[in-house]
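*Asks:* Provided below: structure24.txt, containing compact mmCIF, C-alpha atoms.
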# COMPACT_ATOMS: atom_id res chain seq x y z
CA MET A 1 41.95 -58.19 99.13
CA ARG A 2 45.72 -57.60 99.24
CA ARG A 3 45.51 -55.35 96.16
CA ARG A 4 42.74 -53.22 97.70
CA ARG A 5 44.72 -52.92 100.92
CA TRP A 6 47.82 -51.81 98.97
CA LYS A 7 45.76 -49.21 97.14
CA ARG A 8 44.47 -47.82 100.44
CA VAL A 9 48.03 -47.69 101.77
CA LEU A 10 49.20 -45.74 98.74
CA ILE A 11 46.34 -43.27 98.97
CA GLY A 12 47.13 -42.81 102.63
CA ALA A 13 50.81 -42.21 101.83
CA PHE A 14 50.01 -39.48 99.32
CA ALA A 15 47.49 -37.79 101.60
CA ALA A 16 49.74 -38.14 104.65
CA GLY A 17 52.58 -36.35 102.88
CA ALA A 18 50.38 -33.34 102.37
CA VAL A 19 48.79 -33.53 105.81
CA LEU A 20 52.17 -33.67 107.54
CA ALA A 21 53.25 -30.62 105.58
CA ASP A 22 50.10 -28.61 106.27
CA ALA A 23 48.30 -30.45 109.03
CA GLY A 24 45.42 -28.07 109.70
CA ALA A 25 43.93 -27.20 106.30
CA ALA A 26 45.05 -30.33 104.47
CA ALA A 27 43.70 -32.66 107.13
CA ALA A 28 40.33 -30.96 107.01
CA GLN A 29 40.33 -31.19 103.23
CA ALA A 30 41.27 -34.86 103.32
CA ALA A 31 38.44 -35.64 105.69
CA ALA A 32 35.94 -33.84 103.49
CA SER A 33 37.13 -35.17 100.13
CA THR A 34 34.62 -36.93 97.91
CA GLU A 35 34.93 -38.60 94.55
CA GLN A 36 33.83 -36.25 91.78
CA LEU A 37 31.76 -36.99 88.69
CA ALA A 38 33.73 -35.89 85.63
CA ILE A 39 31.88 -33.89 82.98
CA SER A 40 32.62 -34.99 79.43
CA THR A 41 29.29 -34.45 77.67
CA PRO A 42 27.97 -31.26 76.02
CA PRO A 43 25.97 -28.82 78.16
CA ALA A 44 22.23 -28.76 78.76
CA GLY A 45 20.22 -27.90 75.66
CA SER A 46 22.48 -29.80 73.28
CA ALA A 47 19.92 -32.50 72.49
CA ALA A 48 17.27 -29.92 71.57
CA TRP A 49 19.87 -28.00 69.55
CA VAL A 50 20.69 -31.08 67.45
CA GLU A 51 16.98 -31.73 66.84
CA ASP A 52 16.27 -28.11 65.83
CA HIS A 53 15.81 -27.97 62.03
CA SER A 54 14.02 -24.62 61.97
CA PHE A 55 17.04 -22.93 60.37
CA GLY A 56 16.57 -25.02 57.25
CA ARG A 57 19.76 -26.97 57.92
CA SER A 58 21.22 -29.11 60.65
CA LEU A 59 22.95 -27.38 63.53
CA PRO A 60 26.45 -28.73 64.29
CA ASP A 61 26.51 -31.38 67.00
CA PRO A 62 28.38 -29.97 70.04
CA ALA A 63 29.64 -33.48 70.87
CA THR A 64 31.42 -34.09 67.56
CA THR A 65 31.95 -30.81 65.72
CA THR A 66 35.53 -29.54 65.62
CA PRO A 67 36.24 -25.93 66.64
CA ALA A 68 37.30 -25.22 63.05
CA ALA A 69 33.95 -26.44 61.71
CA ALA A 70 32.12 -24.54 64.44
CA ALA A 71 33.90 -21.32 63.48
CA GLU A 72 32.85 -21.82 59.85
CA PHE A 73 29.24 -22.46 60.88
CA PHE A 74 28.91 -19.39 63.09
CA ALA A 75 30.57 -17.21 60.44
CA SER A 76 27.85 -18.25 57.98
CA LEU A 77 24.97 -16.94 60.12
CA ALA A 78 23.24 -13.59 59.91
CA PRO A 79 23.14 -11.38 63.04
CA THR A 80 19.45 -12.15 63.57
CA GLU A 81 20.18 -15.88 63.45
CA LEU A 82 22.99 -15.50 65.98
CA ASP A 83 20.69 -13.52 68.28
CA ARG A 84 18.10 -16.27 68.11
CA LEU A 85 20.63 -19.01 68.87
CA ILE A 86 22.02 -17.36 71.99
CA LYS A 87 18.48 -16.65 73.20
CA ASP A 88 17.27 -20.22 72.67
CA TYR A 89 20.51 -22.09 73.48
CA PRO A 90 22.74 -19.92 75.66
CA LEU A 91 24.58 -22.82 77.29
CA VAL A 92 25.32 -24.47 73.95
CA VAL A 93 26.62 -21.31 72.27
CA GLY A 94 28.42 -20.14 75.40
CA ASN A 95 30.43 -23.36 75.61
CA PHE A 96 30.99 -23.93 71.88
CA ASP A 97 34.74 -23.75 71.21
CA GLY A 98 35.20 -22.06 67.86
CA ALA A 99 32.23 -19.68 68.26
CA PRO A 100 33.08 -15.96 68.16
CA VAL A 101 34.37 -14.66 71.48
CA GLU A 102 31.90 -11.79 71.83
CA LEU A 103 29.00 -14.10 70.99
CA ARG A 104 30.04 -16.44 73.78
CA TYR A 105 30.27 -13.57 76.24
CA ARG A 106 26.68 -12.57 75.38
CA ALA A 107 25.40 -16.14 75.59
CA ASN A 108 27.00 -16.72 78.98
CA ARG A 109 25.46 -13.56 80.42
CA ILE A 110 22.07 -15.04 79.53
CA ALA A 111 23.03 -18.42 81.04
CA LEU A 112 24.41 -16.84 84.22
CA THR A 113 21.29 -14.69 84.63
CA ALA A 114 19.10 -17.79 84.34
CA GLU A 115 21.25 -19.66 86.88
CA ARG A 116 21.17 -16.75 89.32
CA ASP A 117 17.40 -16.43 89.07
CA ARG A 118 16.92 -20.19 89.45
CA ALA A 119 19.11 -20.23 92.54
CA ARG A 120 17.34 -17.24 94.04
CA ALA A 121 13.98 -18.93 93.57
CA ARG A 122 15.28 -22.07 95.27
CA ALA A 123 16.72 -20.03 98.13
CA ALA A 124 13.31 -18.42 98.70
CA ASP A 125 11.41 -21.73 98.67
CA ARG A 126 10.58 -22.59 102.30
CA LYS A 127 9.77 -26.15 101.30
CA VAL A 128 13.45 -26.68 100.57
CA ASP A 129 15.81 -27.81 103.35
CA SER A 130 17.61 -24.87 105.03
CA ASP A 131 21.05 -26.20 104.13
CA LEU A 132 20.07 -26.48 100.48
CA ARG A 133 18.63 -22.97 100.59
CA ALA A 134 21.94 -21.70 101.93
CA LEU A 135 23.77 -23.40 99.09
CA ALA A 136 21.35 -21.79 96.65
CA VAL A 137 22.08 -18.36 98.11
CA SER A 138 25.79 -18.96 97.59
CA ARG A 139 25.23 -20.15 94.02
CA ALA A 140 23.09 -17.09 93.25
CA ASN A 141 25.75 -14.75 94.63
CA ASP A 142 28.51 -16.46 92.65
CA ALA A 143 26.54 -16.13 89.41
CA ASP A 144 25.60 -12.53 90.18
CA HIS A 145 29.23 -11.51 90.70
CA LEU A 146 30.08 -12.85 87.25
CA LEU A 147 27.35 -10.67 85.76
CA ALA A 148 29.19 -7.45 86.62
CA PRO A 149 29.59 -5.31 83.46
CA GLU A 150 33.35 -5.79 83.18
CA ARG A 151 33.29 -9.60 83.39
CA GLN A 152 34.00 -11.57 80.21
CA VAL A 153 32.84 -15.15 80.72
CA LEU A 154 34.01 -17.38 77.90
CA ALA A 155 32.34 -20.53 79.24
CA PHE A 156 29.85 -21.40 81.96
CA ASP A 157 28.30 -24.75 82.83
CA PRO A 158 26.13 -24.99 85.98
CA ARG A 159 26.35 -28.76 86.28
CA GLY A 160 27.81 -30.14 89.48
CA ARG A 161 30.04 -27.66 91.30
CA GLY A 162 29.97 -25.36 88.26
CA LEU A 163 32.56 -24.75 85.51
CA VAL A 164 33.66 -21.21 84.63
CA THR A 165 36.18 -19.70 82.22
CA GLU A 166 36.85 -15.96 82.29
CA VAL A 167 38.98 -13.69 80.12
CA PHE A 168 41.01 -10.70 81.30
CA GLY A 169 41.96 -8.39 78.44
CA ASP A 170 40.94 -8.21 74.78
CA LEU A 171 41.19 -11.85 73.71
CA ALA A 172 40.36 -11.35 70.04
CA ASP A 173 43.08 -8.73 69.53
CA ALA A 174 45.78 -9.88 71.97
CA ASP A 175 49.41 -10.22 70.92
CA ARG A 176 50.11 -12.68 73.74
CA ILE A 177 47.63 -15.06 75.39
CA SER A 178 48.02 -17.08 78.58
CA VAL A 179 45.80 -19.88 79.87
CA LEU A 180 45.78 -20.64 83.59
CA VAL A 181 44.95 -24.29 84.40
CA PRO A 182 44.13 -24.59 88.13
CA GLY A 183 44.27 -27.58 90.45
CA SER A 184 42.04 -29.01 93.16
CA ASP A 185 38.96 -27.25 94.54
CA ALA A 186 38.54 -24.90 91.56
CA ASP A 187 34.85 -24.46 90.71
CA LEU A 188 32.16 -21.79 90.52
CA GLY A 189 32.11 -21.30 94.28
CA HIS A 190 35.89 -20.90 94.51
CA PHE A 191 36.54 -19.23 91.18
CA ASP A 192 36.91 -15.67 92.48
CA GLN A 193 37.45 -15.53 96.23
CA ALA A 194 37.24 -12.15 97.99
CA SER A 195 39.38 -13.44 100.86
CA GLU A 196 42.74 -14.85 99.79
CA PRO A 197 42.11 -14.03 96.12
CA LEU A 198 45.37 -15.60 94.96
CA ARG A 199 44.00 -19.01 95.95
CA SER A 200 41.40 -18.66 93.20
CA PRO A 201 41.76 -18.89 89.40
CA ALA A 202 40.38 -15.39 88.79
CA GLY A 203 42.71 -13.87 91.36
CA MET A 204 45.74 -15.60 89.86
CA ALA A 205 44.74 -14.46 86.38
CA ARG A 206 44.32 -10.84 87.48
CA ALA A 207 47.75 -10.88 89.12
CA LEU A 208 49.38 -12.26 85.96
CA TYR A 209 47.56 -9.77 83.73
CA ALA A 210 48.71 -6.86 85.92
CA GLU A 211 52.32 -8.12 85.98
CA GLU A 212 52.38 -8.50 82.20
CA HIS A 213 51.32 -4.88 81.81
CA ARG A 214 53.87 -3.77 84.40
CA GLN A 215 56.65 -5.46 82.46
CA SER A 216 55.45 -4.55 78.96
CA PRO A 217 52.81 -1.78 78.96
CA GLY A 218 52.68 -1.64 75.17
CA THR A 219 51.92 -5.32 74.63
CA ARG A 220 48.29 -6.33 74.20
CA THR A 221 47.77 -9.37 76.42
CA ALA A 222 44.90 -11.58 77.51
CA VAL A 223 44.79 -14.07 80.37
CA ILE A 224 42.24 -16.87 80.53
CA ALA A 225 41.29 -18.39 83.88
CA TRP A 226 40.15 -21.83 82.73
CA THR A 227 38.08 -23.85 85.17
CA GLY A 228 36.79 -26.01 82.35
CA TYR A 229 37.16 -29.43 83.95
CA VAL A 230 35.94 -31.04 87.17
CA THR A 231 38.81 -30.73 89.64
CA PRO A 232 39.49 -32.95 92.66
CA SER A 233 37.83 -31.88 95.89
CA GLY A 234 40.35 -31.91 98.70
CA LEU A 235 42.98 -34.58 99.18
CA GLY A 236 41.66 -38.03 98.40
CA PRO A 237 41.48 -40.66 95.65
CA ASP A 238 40.74 -38.11 92.92
CA ALA A 239 43.87 -36.11 93.74
CA VAL A 240 46.20 -39.12 93.43
CA THR A 241 44.84 -40.60 90.20
CA SER A 242 44.66 -39.16 86.69
CA ARG A 243 40.97 -39.99 86.22
CA LEU A 244 39.75 -36.38 86.23
CA ALA A 245 42.79 -35.21 84.27
CA ASP A 246 42.10 -37.83 81.60
CA VAL A 247 38.71 -36.21 81.02
CA GLY A 248 39.97 -32.66 81.46
CA ALA A 249 42.83 -32.87 78.95
CA PRO A 250 40.64 -33.21 75.81
CA ARG A 251 38.56 -30.28 77.06
CA LEU A 252 41.71 -28.20 77.36
CA GLY A 253 42.64 -29.27 73.85
CA ARG A 254 39.29 -28.09 72.53
CA LEU A 255 39.76 -24.73 74.23
CA LEU A 256 43.14 -24.30 72.55
CA ALA A 257 41.77 -25.39 69.17
CA GLY A 258 38.94 -22.90 69.58
CA LEU A 259 41.39 -20.09 70.38
CA LYS A 260 43.28 -20.92 67.20
CA GLU A 261 40.08 -20.16 65.24
CA THR A 262 39.00 -17.01 67.11
CA THR A 263 42.21 -15.16 68.04
CA ARG A 264 45.17 -13.73 66.12
CA PRO A 265 47.06 -16.46 64.24
CA ASP A 266 50.40 -15.18 65.55
CA ALA A 267 49.38 -15.39 69.23
CA PRO A 268 49.62 -19.06 70.32
CA PRO A 269 48.81 -19.29 74.03
CA SER A 270 51.17 -20.10 76.87
CA LEU A 271 49.91 -22.45 79.58
CA LEU A 272 50.37 -21.97 83.33
CA CYS A 273 49.56 -25.17 85.17
CA HIS A 274 49.20 -25.31 88.95
CA SER A 275 49.07 -28.35 91.24
CA TYR A 276 46.69 -31.02 89.84
CA GLY A 277 46.38 -28.80 86.77
CA THR A 278 49.90 -29.93 85.85
CA VAL A 279 48.53 -33.47 85.51
CA VAL A 280 45.93 -32.16 83.06
CA CYS A 281 48.62 -30.28 81.11
CA GLY A 282 50.90 -33.32 81.06
CA ASN A 283 48.07 -35.44 79.69
CA ALA A 284 47.23 -32.81 77.04
CA ALA A 285 50.82 -31.96 76.07
CA PRO A 286 51.33 -34.38 73.14
CA ASP A 287 48.28 -32.93 71.36
CA ILE A 288 48.92 -29.27 72.19
CA PRO A 289 50.86 -28.41 68.99
CA ARG A 290 48.03 -29.60 66.76
CA ALA A 291 45.41 -27.91 68.93
CA ALA A 292 47.11 -24.59 69.61
CA THR A 293 49.56 -23.81 66.83
CA SER A 294 48.58 -22.04 63.64
CA PRO A 295 50.39 -22.70 60.35
CA SER A 296 51.90 -19.20 60.47
CA ASP A 297 53.65 -20.00 63.75
CA THR A 298 57.03 -21.20 62.55
CA ALA A 299 58.29 -21.98 66.06
CA GLY A 300 55.53 -24.48 66.71
CA VAL A 301 56.36 -24.73 70.43
CA THR A 302 54.05 -23.83 73.31
CA ASP A 303 55.45 -22.58 76.62
CA LEU A 304 54.12 -24.71 79.45
CA MET A 305 54.82 -23.50 83.00
CA VAL A 306 54.27 -25.96 85.86
CA PHE A 307 54.40 -24.98 89.52
CA GLY A 308 53.37 -26.68 92.74
CA SER A 309 53.21 -29.91 90.73
CA PRO A 310 52.56 -33.41 92.12
CA GLY A 311 53.94 -34.73 88.80
CA MET A 312 52.78 -34.59 85.20
CA GLY A 313 52.06 -38.28 84.71
CA VAL A 314 55.42 -38.89 83.05
CA GLN A 315 59.04 -39.53 84.04
CA SER A 316 60.58 -36.85 81.81
CA THR A 317 59.73 -34.15 79.29
CA SER A 318 60.66 -36.53 76.47
CA GLU A 319 57.28 -38.21 77.02
CA LEU A 320 55.42 -34.94 76.50
CA GLY A 321 56.37 -34.50 72.86
CA ALA A 322 58.46 -31.90 71.09
CA GLY A 323 55.71 -29.31 70.85
CA VAL A 324 56.00 -27.93 74.39
CA HIS A 325 58.77 -26.13 76.24
CA VAL A 326 58.38 -26.99 79.92
CA TRP A 327 59.39 -24.55 82.66
CA ALA A 328 59.12 -25.72 86.27
CA THR A 329 59.36 -24.35 89.79
CA ARG A 330 58.41 -25.16 93.38
CA ASN A 331 59.16 -23.04 96.40
CA GLY A 332 60.73 -24.60 99.49
CA SER A 333 57.67 -24.24 101.72
CA ASP A 334 55.16 -25.75 99.27
CA TRP A 335 53.70 -28.85 100.96
CA ILE A 336 53.38 -30.60 97.60
CA GLY A 337 57.09 -31.34 97.83
CA ASN A 338 56.28 -33.87 100.60
CA VAL A 339 54.03 -35.94 98.34
CA PRO A 340 55.70 -39.08 96.90
CA TYR A 341 56.80 -38.52 93.31
CA LEU A 342 55.99 -41.92 91.85
CA GLU A 343 53.31 -43.83 89.98
CA VAL A 344 52.26 -47.27 91.14
CA GLY A 345 49.17 -49.08 89.96
CA GLY A 346 47.50 -45.93 88.68
CA LEU A 347 48.21 -43.96 91.86
CA GLY A 348 50.55 -40.99 91.80
CA HIS A 349 51.70 -38.76 88.98
CA GLY A 350 55.26 -39.72 88.18
CA ALA A 351 58.51 -37.82 88.51
CA ASP A 352 59.09 -34.41 90.08
CA PRO A 353 59.18 -31.77 87.29
CA THR A 354 61.71 -29.77 89.33
CA SER A 355 64.16 -32.68 89.52
CA ALA A 356 67.40 -32.35 87.59
CA ASP A 357 66.77 -35.32 85.31
CA PHE A 358 63.16 -34.47 84.40
CA GLY A 359 64.26 -32.18 81.58
CA ALA A 360 62.25 -29.04 82.38
CA GLU A 361 63.91 -25.64 82.41
CA GLN A 362 64.08 -24.55 86.04
CA ILE A 363 62.96 -21.04 87.05
CA SER A 364 63.13 -19.23 90.36
CA SER A 365 60.16 -18.82 92.69
CA ALA A 366 62.10 -16.93 95.36
CA ARG A 367 60.01 -14.89 97.82
CA SER A 368 56.93 -17.02 97.16
CA SER A 369 55.71 -19.29 99.93
CA GLY A 370 53.28 -22.14 100.33
CA HIS A 371 51.23 -23.94 97.72
CA ASN A 372 49.21 -20.88 96.70
CA GLY A 373 51.81 -18.12 96.92
CA TYR A 374 53.20 -18.14 93.40
CA PHE A 375 51.27 -15.07 92.18
CA VAL A 376 52.13 -12.70 95.02
CA ALA A 377 53.49 -9.37 93.80
CA GLY A 378 57.27 -9.13 94.05
CA THR A 379 57.93 -12.88 93.80
CA ASP A 380 60.30 -14.33 91.24
CA SER A 381 57.58 -16.77 90.22
CA LEU A 382 55.11 -14.08 89.17
CA HIS A 383 57.89 -12.14 87.42
CA ASN A 384 58.95 -15.26 85.54
CA PHE A 385 55.42 -16.31 84.57
CA ALA A 386 54.83 -12.91 82.97
CA ALA A 387 58.24 -12.80 81.28
CA ILE A 388 57.72 -16.23 79.71
CA ALA A 389 54.14 -15.44 78.68
CA LEU A 390 55.41 -12.26 77.01
CA GLY A 391 58.20 -14.15 75.24
CA HIS A 392 60.86 -12.18 77.13
CA TYR A 393 62.99 -15.22 77.87
CA GLU A 394 66.10 -13.14 78.52
CA ASP A 395 64.36 -11.65 81.59
CA VAL A 396 63.65 -15.01 83.26
CA VAL A 397 65.26 -15.36 86.69
CA ARG A 398 66.94 -18.71 87.33
CA PRO A 399 67.20 -20.44 90.72
CA ASP A 400 70.09 -19.40 92.92
CA PRO A 401 72.40 -22.42 93.07
CA GLU A 402 73.53 -21.32 96.55
CA ALA A 403 69.99 -21.19 97.95
Would you give me this structure, written as structure tokens?

*Replies:*
Amino acid sequence: MRRRRWKRVLIGAFAAGAVLADAGAAAAQAAASTEQLAISTPPAGSAAWVEDHSFGRSLPDPATTTPAAAAEFFASLAPTELDRLIKDYPLVVGNFDGAPVELRYRANRIALTAERDRARARAADRKVDSDLRALAVSRANDADHLLAPERQVLAFDPRGRGLVTEVFGDLADADRISVLVPGSDADLGHFDQASEPLRSPAGMARALYAEEHRQSPGTRTAVIAWTGYVTPSGLGPDAVTSRLADVGAPRLGRLLAGLKETTRPDAPPSLLCHSYGTVVCGNAAPDIPRAATSPSDTAGVTDLMVFGSPGMGVQSTSELGAGVHVWATRNGSDWIGNVPYLEVGGLGHGADPTSADFGAEQISSARSSGHNGYFVAGTDSLHNFAAIALGHYEDVVRPDPEA
């Protein structure tokens, strides 16, 4: 009984820190928070895929096949065979790390069209509760927006709140690649918000992509908005434990391993990790070199930018391995700074990455404000994110020691 009471006290302390810093929105989020079901299994259609022997050979199991083996398999198929696979198994192909990028884009258009049509049919069914019909309308609109001709959806899974990964730029031919790992409340419904776009993964990715081209117009870049794991909803138990990050980290690793097979070998990705996404990146960090780095990359180090972090699940960068270079920032008005930086009994995420003894390289986020203001044009944070992603380390702005 005493242990359960202590756990409730700790959860309350973490939530209260955020609520005190941003009483209106955070309090509403805390009240509405619910425990989320993590997604760790392959998408719908995988069982039928494994049982399909009509190609005269076994199809690779999505649950166990490495991205390298997947790349080899898809490269062995004729165009007509590829067409048949994306028609029969769009969710499997569209989420298969290691499959060709353009093939995944095509497969996910089919999957998104099916999800939109399913949601529209549900919205029109008068036997369905009105609240559920309203949710179906929203789901149909979200899917329809992603079907616009210019959208490049690298992964889509309709389960639960919906997982989406989108690419901005020419991924297969990019010189520099960035992967944005978002925090709480990122899902299909919040992936690309028309109002306050910089609160959403797609909006952040667009801002970074534009800033990269402003700084280096001649560099071919690609930015990936990765909502490939189930994120916490609001401020509650999920936000103060690593449970969802523990499941999300291997999925991030598979994404990086897949990019190694399908993009230029000299373009290892940089990671930009926001809020709870920094917990995912901290969990994944020790395996990132093996997942992301190609043999031709002599540096063998991945830039990992963390901002608005509640902690990375460690006490210092020494616990993250030698394969990542950690850059950290937090602006003075970000409410996350009021959350206790500790880990007790599985609650909390460890030390503050912006503390002097953590070991991260500190960068400026001057002119940004709040927890979601890091990608606003003209801020030091956005400038620095792009400079690091481009490899222009000499252009990085450091914090003002007098500020």

*Asks:* Could you produce a table of the residues of segment 231-319 of chain A lying within 8 Å of segment 86-109 of chain A, with the nearest pair of atoms per residue and their separation in Å rounded to one decimal, using only C-alpha atoms, ordered by chain and increasing residue number, as CSV?

*Replies:*
residue,atom,partner,partner_atom,distance
A:Arg254,CA,A:Asp97,CA,6.4
A:Leu255,CA,A:Asp97,CA,5.9
A:Ala257,CA,A:Gly98,CA,7.5
A:Gly258,CA,A:Gly98,CA,4.2
A:Leu259,CA,A:Gly98,CA,7.0
A:Glu261,CA,A:Gly98,CA,5.9
A:Thr262,CA,A:Pro100,CA,6.1

*Asks:* Calculate how many Å separate atom CA of His145 of chain A from atom CA of Val280 of chain A, rounding to one decimal.

*Replies:*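 The value is 27.6 Å.
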
*Asks:* Let me have the centre and edge lengths in Å, one decimal, of the box along x, y and z around every listed atom of segment 91-108 of chain A with 6 Å of margin on each side, as lines of an AutoDock Vina configuration file.

*Replies:*
center_x = 29.9
center_y = -18.1
center_z = 73.4
size_x = 22.6
size_y = 24.7
size_z = 23.1

*Asks:* For a quick check of understanding, using only C-alpha atoms, which of A:Glu81, A:Asp334, A:Glu51, A:Asp246 has the smallest distance to Met312 of chain A?

*Replies:*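 Among the listed residues, A:Asp246 lies closest to Met312 of chain A.
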
*Asks:* Within 12 Å of segment 265-270 of chain A, counting all atoms listed in the file, which residues qualify if same-chain residues fewer than 5 places away don't, as an MDAnalysis selection string?

*Replies:* chainID A and resid 171:181 219:224 252:253 255:260 281 285 288:306 323:327 385:391

*Asks:* What is the atom CA of Pro217 of chain A-atom CA of Gly308 of chain A distance in Å, reported with one decimal?

*Replies:*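 These two atoms are separated by 28.5 Å.
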
*Asks:* With only C-alpha atoms as the basis for distance, which of A:Ala356, A:Ala136, A:Leu382, A:Ala68 is at the shortest distance from Ala210 of chain A?

*Replies:*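 The shortest atom-to-atom distance to Ala210 of chain A comes from A:Leu382.
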
*Asks:* Applying 7 Å and all atoms listed in the file, which residues near segment 196-205 of chain A remain after dropping the ones on its own chain fewer than 3 positions away? List them as number ranges by chain.

*Replies:* A: 180, 182, 190-193, 208-209, 223-225, 372, 375

*Asks:* Those residues with C-alpha atoms, as a PDB file, in the frame of the given file please?

*Replies:*
ATOM      1  CA  LEU A 180      45.780 -20.640  83.590  1.00  0.00           C
ATOM      2  CA  PRO A 182      44.130 -24.590  88.130  1.00  0.00           C
ATOM      3  CA  HIS A 190      35.890 -20.900  94.510  1.00  0.00           C
ATOM      4  CA  PHE A 191      36.540 -19.230  91.180  1.00  0.00           C
ATOM      5  CA  ASP A 192      36.910 -15.670  92.480  1.00  0.00           C
ATOM      6  CA  GLN A 193      37.450 -15.530  96.230  1.00  0.00           C
ATOM      7  CA  LEU A 208      49.380 -12.260  85.960  1.00  0.00           C
ATOM      8  CA  TYR A 209      47.560  -9.770  83.730  1.00  0.00           C
ATOM      9  CA  VAL A 223      44.790 -14.070  80.370  1.00  0.00           C
ATOM     10  CA  ILE A 224      42.240 -16.870  80.530  1.00  0.00           C
ATOM     11  CA  ALA A 225      41.290 -18.390  83.880  1.00  0.00           C
ATOM     12  CA  ASN A 372      49.210 -20.880  96.700  1.00  0.00           C
ATOM     13  CA  PHE A 375      51.270 -15.070  92.180  1.00  0.00           C
TER      14      PHE A 375
END

*Asks:* Can you work out the spacing between atom CA of Val396 of chain A and atom CA of Ile363 of chain A in Å, to one decimal?

*Replies:*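 These two atoms are separated by 7.2 Å.
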
*Asks:* Because the input lacks atoms here, generate all heavy atoms for segment 106-111 of chain A and report them as an mmCIF file, keeping the file's coordinate frame.

*Replies:*
data_model
loop_
_atom_site.group_PDB
_atom_site.id
_atom_site.type_symbol
_atom_site.label_atom_id
_atom_site.label_comp_id
_atom_site.auth_asym_id
_atom_site.auth_seq_id
_atom_site.Cartn_x
_atom_site.Cartn_y
_atom_site.Cartn_z
ATOM 1 N N ARG A 106 28.110 -12.916 75.315
ATOM 2 C CA ARG A 106 26.680 -12.570 75.380
ATOM 3 C C ARG A 106 25.852 -13.775 75.818
ATOM 4 O O ARG A 106 24.961 -13.653 76.672
ATOM 5 C CB ARG A 106 26.206 -12.078 74.018
ATOM 6 C CG ARG A 106 26.741 -10.713 73.612
ATOM 7 C CD ARG A 106 26.394 -10.408 72.162
ATOM 8 N NE ARG A 106 24.970 -10.544 71.903
ATOM 9 C CZ ARG A 106 24.442 -10.734 70.685
ATOM 10 N NH1 ARG A 106 25.231 -10.825 69.622
ATOM 11 N NH2 ARG A 106 23.144 -10.827 70.539
ATOM 12 N N ALA A 107 26.157 -14.940 75.246
ATOM 13 C CA ALA A 107 25.400 -16.140 75.590
ATOM 14 C C ALA A 107 25.568 -16.492 77.075
ATOM 15 O O ALA A 107 24.597 -16.875 77.750
ATOM 16 C CB ALA A 107 25.855 -17.312 74.720
ATOM 17 N N ASN A 108 26.770 -16.347 77.585
ATOM 18 C CA ASN A 108 27.000 -16.720 78.980
ATOM 19 C C ASN A 108 26.387 -15.730 79.958
ATOM 20 O O ASN A 108 26.079 -16.103 81.092
ATOM 21 C CB ASN A 108 28.505 -16.891 79.220
ATOM 22 C CG ASN A 108 29.009 -18.195 78.628
ATOM 23 O OD1 ASN A 108 28.418 -19.242 78.822
ATOM 24 N ND2 ASN A 108 30.108 -18.131 77.877
ATOM 25 N N ARG A 109 26.198 -14.492 79.558
ATOM 26 C CA ARG A 109 25.460 -13.560 80.420
ATOM 27 C C ARG A 109 24.008 -14.033 80.564
ATOM 28 O O ARG A 109 23.424 -13.948 81.650
ATOM 29 C CB ARG A 109 25.511 -12.138 79.858
ATOM 30 C CG ARG A 109 26.886 -11.493 79.907
ATOM 31 C CD ARG A 109 26.812 -10.004 79.620
ATOM 32 N NE ARG A 109 26.143 -9.294 80.714
ATOM 33 C CZ ARG A 109 26.749 -8.936 81.848
ATOM 34 N NH1 ARG A 109 28.021 -9.224 82.056
ATOM 35 N NH2 ARG A 109 26.079 -8.281 82.776
ATOM 36 N N ILE A 110 23.433 -14.516 79.472
ATOM 37 C CA ILE A 110 22.070 -15.040 79.530
ATOM 38 C C ILE A 110 22.029 -16.283 80.427
ATOM 39 O O ILE A 110 21.142 -16.436 81.279
ATOM 40 C CB ILE A 110 21.560 -15.371 78.120
ATOM 41 C CG1 ILE A 110 21.440 -14.093 77.286
ATOM 42 C CG2 ILE A 110 20.217 -16.100 78.186
ATOM 43 C CD1 ILE A 110 21.107 -14.339 75.824
ATOM 44 N N ALA A 111 23.004 -17.185 80.249
ATOM 45 C CA ALA A 111 23.030 -18.420 81.040
ATOM 46 C C ALA A 111 23.257 -18.127 82.517
ATOM 47 O O ALA A 111 22.627 -18.747 83.390
ATOM 48 C CB ALA A 111 24.123 -19.344 80.507
#
